[in-house]
Protein chains: 2
Amino acid sequence: MKQLTLGIIGLGTVGSSVARILKENQALIAARSGYAIVIKQGVVKDLSKSRQIFDFPITNDVDSVLDDPKIDIVVELTGGVDTPFEIAKKALRNSKAFVTANKAMLAYHRYELQKIAGDLPIGFEASVAGGIPIIKALRDGLGANHILNIRGIINGTCNFILTKMKEQGVEYKEVLQEAQDLGYAEADPAFDVGGFDAAHKLLILASIAYGIDAKPEDVLIEGITQITQEDIAFAKEFGYHLKLLGIAKKDGDEIELRVHPTLLPKEAMIGKVDGVMNAISVVGDCVGETLYYGAGAGGNATASAVISDIIEIARTKSSPMLGFKTPSDKLRLKPLEKIISAYYLRILVSDKPGVLAKIATIFGEVGISIDTFLQRKAKNKNHSTLLLSTHSCSEAEIRVALQRIGDLEVVQTTPVMIRIEK
Amino acid sequence: MKQLTLGIIGLGTVGSSVARILKENQALIAARSGYAIVIKQGVVKDLSKSRQIFDFPITNDVDSVLDDPKIDIVVELTGGVDTPFEIAKKALRNSKAFVTANKAMLAYHRYELQKIAGDLPIGFEASVAGGIPIIKALRDGLGANHILNIRGIINGTCNFILTKMKEQGVEYKEVLQEAQDLGYAEADPAFDVGGFDAAHKLLILASIAYGIDAKPEDVLIEGITQITQEDIAFAKEFGYHLKLLGIAKKDGDEIELRVHPTLLPKEAMIGKVDGVMNAISVVGDCVGETLYYGAGAGGNATASAVISDIIEIARTKSSPMLGFKTPSDKLRLKPLEKIISAYYLRILVSDKPGVLAKIATIFGEVGISIDTFLQRKAKNKNHSTLLLSTHSCSEAEIRVALQRIGDLEVVQTTPVMIRIEK
């Protein structure tokens with residue numbers, strides 16, 4: 001199998017996840033990309049601080065990666081703006097593909113990078129909304145559309161804080177402390193709660209949607225630090241969700257770019273996104289509204305996006321139509337009877353003594369335990385409707401139980417069964 | 001500019017939309033794809049029935065497209081299984097790229113097609129969930145992941161019916177009639193409400209996620225025709241959403257494939273998707289849950305997906321990093337003061353006569369009209385909190401009003417303002 005060689009610069013949370021997943025999901029990624037992906041060299045700032053053990057060599061010399069003619073792709077997973085920009089430029093000048101998760105660097109230098117890159121691929125799916133493939137969706141999936149607007153929950157810290165304020169009725173400062181304790185907020189949270197992180201991501205999305213070159217300083221930015229329970233109560237009273245949104249909107253030949261707390265009508269799908277989760281709503285002139293939801297941060301989710309870029313670079317133009325070239329010879333279809341689920345049943349019975357006992361006995365004999373149970377008068381006054389849900393059992397078991405229940409004389413019609421997904 | 005030539009087979013709702021959008025969004029699509037996309041020939045079954053006027057020639061002879069060496073891409077937008085499969089085979093054998101929206105054909109013949117295609121590209125984004133780019137998300141965006149499960153609301157007719165049953169408290173048959181009147185359900189609805197349409201789409205998704213080759217006959221399929229208000233009431237009582245889901249789930253080396261009505265916990269994001277909208281939740285081992293939401297049907301939404309495939313085929317490997325090669329020379333950033341929004345304000349005032357009049361006067365003078373208004377006692381008993389929302393005005397106007405209100409002696413702290421998105 002052909003080989004593709006990586007140098008990874010930065011082995012913190014995301015870099016370590018990339019290395020681990022490339023190893024653990026090696027066979028799958030090879031099948032999807034058509035290449036064996038090999039990490040040739042890792043780079044860390046301070047070798048003495050690197051506690052983890054990797055199965056590839058580690059150095060603190062960036063140039064040993066950038067100048068290595070055997071490295072095909074430079075994967076940059078550090079922070080900051082200037083140093084990563086220098087790394088990117090040198091990688092591209094040395095004819096390497098470049099993959100980054102660095103939103104701050106892109107917020108300032110994305111068009112310069114694109115110009116330097118020429119025909120060399122640059123991947124940056126991980127720079128916005130972690131594992132959600134929003135860059136590819138916007139650039140490739142919605143390519144036919146004039147984008148009318150983008151509205152994104154693209155900072156998990158803020159969404160976590162606003163959700164907790166709504167659910168627990170406590171004030172901002174208290175929730176911020178909880179978020180910091182849980183690791184959802186930094187010790188210095190200003191970059192997140194002030195809206196600056198969201199502004200960086202918004203600029204990247206706006207470039208793809210509109211080709212607009214603007215800098216963080218050009219964006220209207222307000223954070224969530226002033227929100228109180230009075231605002232939350234107002235939102236509830238008048239049927240709004242309160243979210244920190246990044247908004248890019250086309251108005252004639254002008255583009256609005258803004259990040260601020262926003263009240264949204266309660267029907268709006270993006271308003272329903274709670275906790276640390278991210279989501280981006282995109283309205284296109286052909287497709288209408290589409291929305292993309294998922295984890296916006298975390299090592300594994302971000303690594304998922306980084307690796308999707310590596311796979312995209314690896315793939316030739318003729319990537320297999322169905323992702324894999326042939327059907328799997330390992331996986332097979334599960335027989336229906338073996339599927340495990342919880343079940344809800346609706347059973348119409350005649351009102352006679354002992355009906356419930358008969359049905360309960362059947363469940364007991366088949367080995368199914370009941371979770372909830374309701375009995376209602378049916379329209380026909382001599383009948384009752386039993387509504388019940390079960391704990392998990394197999395399709396085979398529930399079918400036996402249904403058959404036996406259906407055969408009871410007191411049961412008036414074939415019982416109706418609906419599966420419950422937990 | 002280089003040219004890419006299409007033959008479109010089938011000019012119904014979707015085909016007509018494809019033709020119209022390729023024309024209307026011509027400049028944008030050329031910028032994104034690097035090609036002028038030209039329709040050379042359209043094919044319809046019955047020339048006498050074709051009422052619309054197109055600016056390209058129409059024929060009823062399929063072979064005139066399939067045998068034309070100048071046509072690069074055959075776009076197949078008809079129905080059925082056998083005839084479109086023959087068209088696909090002939091197109092590929094004549095070395096043409098092939099784009100289709102035909103889920104039924106793919107549900108049966110997708111692996112045969114992939115084999116025949118070899119290195120020729122086949123696009124089928126439109127075959128599942130209309131305009132939502134779920135095929136690309138699953139195959140490209142989540143390529144690093146072992147897919148643990150897929151749960152999709154992939155039939156808009158069923159979701160519309162179940163939503164209406166929940167919201168209006170009416171029974172299945174009545175809502176079906178309404179859906180038929182609105183054009184959301186076919187005169188013969190069995191294919192949709194019986195779960196068969198969803199099963200076709202599920203098979204396509206399962207191939208990409210797992211490389212599993214199965215046929216519609218292998219899928220556990222149950223429709224929604226038996227659902228009653230009693231089931232809806234039970235779901236409400238115990239905190240469930242009731243949805244028709246297509247489910248593909250990995251369990252060891254077995255894959256479950258099933259379509260059936262499903263009860264979902266009320267926190268589940270996919271349970272919050274109402275009306276004719278579609279959504280697909282995908283859980284990957286690295287990324288966790290991601291969800292993709294949008295219109296699953298309709299000419300324009302489906303055409304958006306068809307054209308995204310055409311653009312993907314047109315693009316060389318070195319597609320521009322930011323979608324457009326250079327920043328737009330037509331679009332510019334809107335000045336903040338010109339942004340129009342509705343606003344919510346929180347103002348802490350001392351309890352003195354005439355306070356409200358003073359504030360209302362300022363709004364009147366600036367030209368902002370008030371939408372809702374609440375007054376609450378503040379913690380400090382000599383103060384009150386005013387909570388109000390405005391109708392739309394400009395950022396410049398609200399800033400003037402805020403400045404003047406903040407300057408009032410009775411106003412205790414800087415007023416807090418939150419924008420409202422409608």
# chains A, B, ... in the order shown; residues from 1 in each chain; ligands from 1
>>> residues_around(residues="Ile8 of chain A", least_positions_apart="5", cutoff="10 Å", atoms="only C-alpha atoms", output="list in words")
Gly15, Ser16, Val18, Ala19, Ile39, Lys40, Gln41, Gly42, Val43, Val44, Ile58, Val62, Val65, Ile73, Val74, Val75, Glu76, Leu77, Thr78, Val99 and Thr100 of chain A
>>> residues_around(residues="Ala301 of chain A", least_positions_apart="2", cutoff="6 Å", atoms="only C-alpha atoms", output="MDAnalysis selection string")
(chainID A and resid 130:131 298:299 303:304) or (chainID B and resid 286:287)
>>> residues_around(residues="Thr390 of chain A", least_positions_apart="5", cutoff="6 Å", atoms="only C-alpha atoms", output="list in words")
Ala342, Tyr343, Ser369, Ile370 and Asp371 of chain A
>>> closest_residue(among="A:Val349, A:Ile9, A:Met105, A:Leu333", to="Gly406 of chain A", atoms="only C-alpha atoms")
A:Val349
>>> residues_around(residues="Gln403 of chain B", least_positions_apart="2", cutoff="12 Å", atoms="only C-alpha atoms", output="ChimeraX atom specification")
/B:359,362-363,366,396-401,405-408,411,413-417
>>> select_by_dssp(residues="segment 272-408 of chain B", states="strand (DSSP E or B)", output="MDAnalysis selection string")
chainID B and resid 277:284 288:295 332:333 340:350 370:377 383:390 393:394
>>> write_last_selection(atoms="N, CA and C atoms", output="compact mmCIF listing (two decimals), in the first residue's frame")
# COMPACT_ATOMS: atom_id res chain seq x y z
N MET B 277 -39.15 18.51 7.91
CA MET B 277 -37.69 18.53 7.90
C MET B 277 -37.09 17.13 8.13
N ASN B 278 -35.90 16.95 7.59
CA ASN B 278 -35.13 15.73 7.80
C ASN B 278 -33.95 16.00 8.72
N ALA B 279 -33.42 14.96 9.34
CA ALA B 279 -32.18 15.09 10.10
C ALA B 279 -31.56 13.72 10.25
N ILE B 280 -30.25 13.68 10.28
CA ILE B 280 -29.54 12.42 10.48
C ILE B 280 -28.54 12.61 11.60
N SER B 281 -28.65 11.77 12.64
CA SER B 281 -27.68 11.77 13.73
C SER B 281 -26.68 10.65 13.46
N VAL B 282 -25.40 10.96 13.55
CA VAL B 282 -24.35 9.97 13.32
C VAL B 282 -23.44 9.96 14.55
N VAL B 283 -23.22 8.80 15.15
CA VAL B 283 -22.30 8.72 16.28
C VAL B 283 -21.03 8.01 15.81
N GLY B 284 -19.89 8.69 15.92
CA GLY B 284 -18.60 8.11 15.56
C GLY B 284 -17.77 7.86 16.80
N GLY B 288 -17.97 11.51 18.53
CA GLY B 288 -19.21 11.52 19.30
C GLY B 288 -20.39 11.71 18.37
N GLU B 289 -21.46 12.34 18.86
CA GLU B 289 -22.63 12.54 18.00
C GLU B 289 -22.51 13.82 17.17
N THR B 290 -22.78 13.71 15.88
CA THR B 290 -23.00 14.89 15.05
C THR B 290 -24.38 14.73 14.42
N LEU B 291 -24.99 15.85 14.07
CA LEU B 291 -26.33 15.79 13.48
C LEU B 291 -26.42 16.77 12.32
N TYR B 292 -27.14 16.36 11.28
CA TYR B 292 -27.26 17.13 10.04
C TYR B 292 -28.75 17.31 9.76
N TYR B 293 -29.16 18.56 9.57
CA TYR B 293 -30.59 18.91 9.53
C TYR B 293 -30.89 19.76 8.31
N GLY B 294 -32.02 19.56 7.70
CA GLY B 294 -32.42 20.42 6.58
C GLY B 294 -33.62 19.86 5.85
N ALA B 295 -33.91 20.47 4.69
CA ALA B 295 -35.04 20.03 3.88
C ALA B 295 -34.66 18.73 3.16
N ARG B 332 -18.60 43.81 0.40
CA ARG B 332 -17.79 44.49 1.43
C ARG B 332 -18.47 44.35 2.78
N LEU B 333 -17.70 44.61 3.83
CA LEU B 333 -18.21 44.48 5.18
C LEU B 333 -19.19 45.61 5.46
N ILE B 340 -29.38 46.17 11.11
CA ILE B 340 -30.75 46.29 11.61
C ILE B 340 -31.08 45.09 12.49
N SER B 341 -31.69 45.34 13.64
CA SER B 341 -32.08 44.24 14.52
C SER B 341 -33.21 44.72 15.41
N ALA B 342 -33.89 43.77 16.08
CA ALA B 342 -34.73 44.15 17.22
C ALA B 342 -33.85 44.01 18.45
N TYR B 343 -34.21 44.68 19.53
CA TYR B 343 -33.35 44.69 20.71
C TYR B 343 -34.17 44.45 21.98
N TYR B 344 -33.48 43.82 22.93
CA TYR B 344 -34.02 43.67 24.28
C TYR B 344 -33.14 44.50 25.19
N LEU B 345 -33.75 45.28 26.11
CA LEU B 345 -32.97 46.12 27.03
C LEU B 345 -33.34 45.83 28.48
N ARG B 346 -32.32 45.85 29.33
CA ARG B 346 -32.53 45.76 30.78
C ARG B 346 -31.98 47.04 31.40
N ILE B 347 -32.86 47.79 32.08
CA ILE B 347 -32.47 49.11 32.60
C ILE B 347 -32.81 49.19 34.09
N LEU B 348 -31.82 49.44 34.92
CA LEU B 348 -32.04 49.58 36.37
C LEU B 348 -32.29 51.07 36.67
N VAL B 349 -33.47 51.37 37.23
CA VAL B 349 -33.82 52.77 37.48
C VAL B 349 -34.21 52.97 38.94
N SER B 350 -34.10 54.22 39.41
CA SER B 350 -34.62 54.51 40.75
C SER B 350 -36.12 54.78 40.64
N ILE B 370 -41.47 50.48 20.83
CA ILE B 370 -41.35 49.41 21.84
C ILE B 370 -42.32 48.29 21.52
N ASP B 371 -41.87 47.04 21.67
CA ASP B 371 -42.69 45.87 21.37
C ASP B 371 -43.30 45.31 22.65
N THR B 372 -42.46 44.91 23.62
CA THR B 372 -42.97 44.40 24.90
C THR B 372 -42.30 45.16 26.04
N PHE B 373 -42.96 45.15 27.20
CA PHE B 373 -42.44 45.92 28.33
C PHE B 373 -42.80 45.21 29.64
N LEU B 374 -41.81 45.04 30.53
CA LEU B 374 -42.04 44.48 31.87
C LEU B 374 -41.35 45.38 32.88
N GLN B 375 -41.97 45.58 34.05
CA GLN B 375 -41.28 46.30 35.13
C GLN B 375 -41.26 45.41 36.35
N ARG B 376 -40.07 45.26 36.97
CA ARG B 376 -39.92 44.40 38.15
C ARG B 376 -39.27 45.18 39.27
N LYS B 377 -39.64 44.85 40.50
CA LYS B 377 -38.94 45.39 41.66
C LYS B 377 -37.49 44.88 41.64
N HIS B 383 -35.24 50.69 43.87
CA HIS B 383 -34.99 50.61 42.42
C HIS B 383 -35.96 49.66 41.74
N SER B 384 -36.13 49.84 40.44
CA SER B 384 -36.90 48.90 39.62
C SER B 384 -36.06 48.50 38.41
N THR B 385 -36.37 47.32 37.88
CA THR B 385 -35.73 46.89 36.64
C THR B 385 -36.75 46.97 35.51
N LEU B 386 -36.41 47.67 34.46
CA LEU B 386 -37.27 47.70 33.26
C LEU B 386 -36.71 46.72 32.24
N LEU B 387 -37.58 45.83 31.77
CA LEU B 387 -37.19 44.87 30.72
C LEU B 387 -38.08 45.17 29.51
N LEU B 388 -37.48 45.47 28.39
CA LEU B 388 -38.32 45.78 27.23
C LEU B 388 -37.68 45.28 25.95
N SER B 389 -38.52 45.03 24.96
CA SER B 389 -37.99 44.68 23.64
C SER B 389 -38.52 45.68 22.63
N THR B 390 -37.72 45.94 21.61
CA THR B 390 -38.09 46.94 20.60
C THR B 390 -38.45 46.26 19.28
N CYS B 393 -34.72 48.34 14.51
CA CYS B 393 -34.12 49.64 14.26
C CYS B 393 -32.65 49.41 13.97
N SER B 394 -31.92 50.46 13.68
CA SER B 394 -30.51 50.29 13.33
C SER B 394 -29.66 50.29 14.59
>>> closest_residue(among="A:Gly296, A:Pro57, A:Gly275, A:Pro133", to="chain B", atoms="only C-alpha atoms")
A:Pro133
>>> atom_distance(atom1="atom CA of Asp72 of chain B", atom2="atom CA of Ala30 of chain B")
15.9 Å
>>> atom_distance(atom1="atom CA of Ala378 of chain A", atom2="atom CA of Leu244 of chain B")
25.6 Å
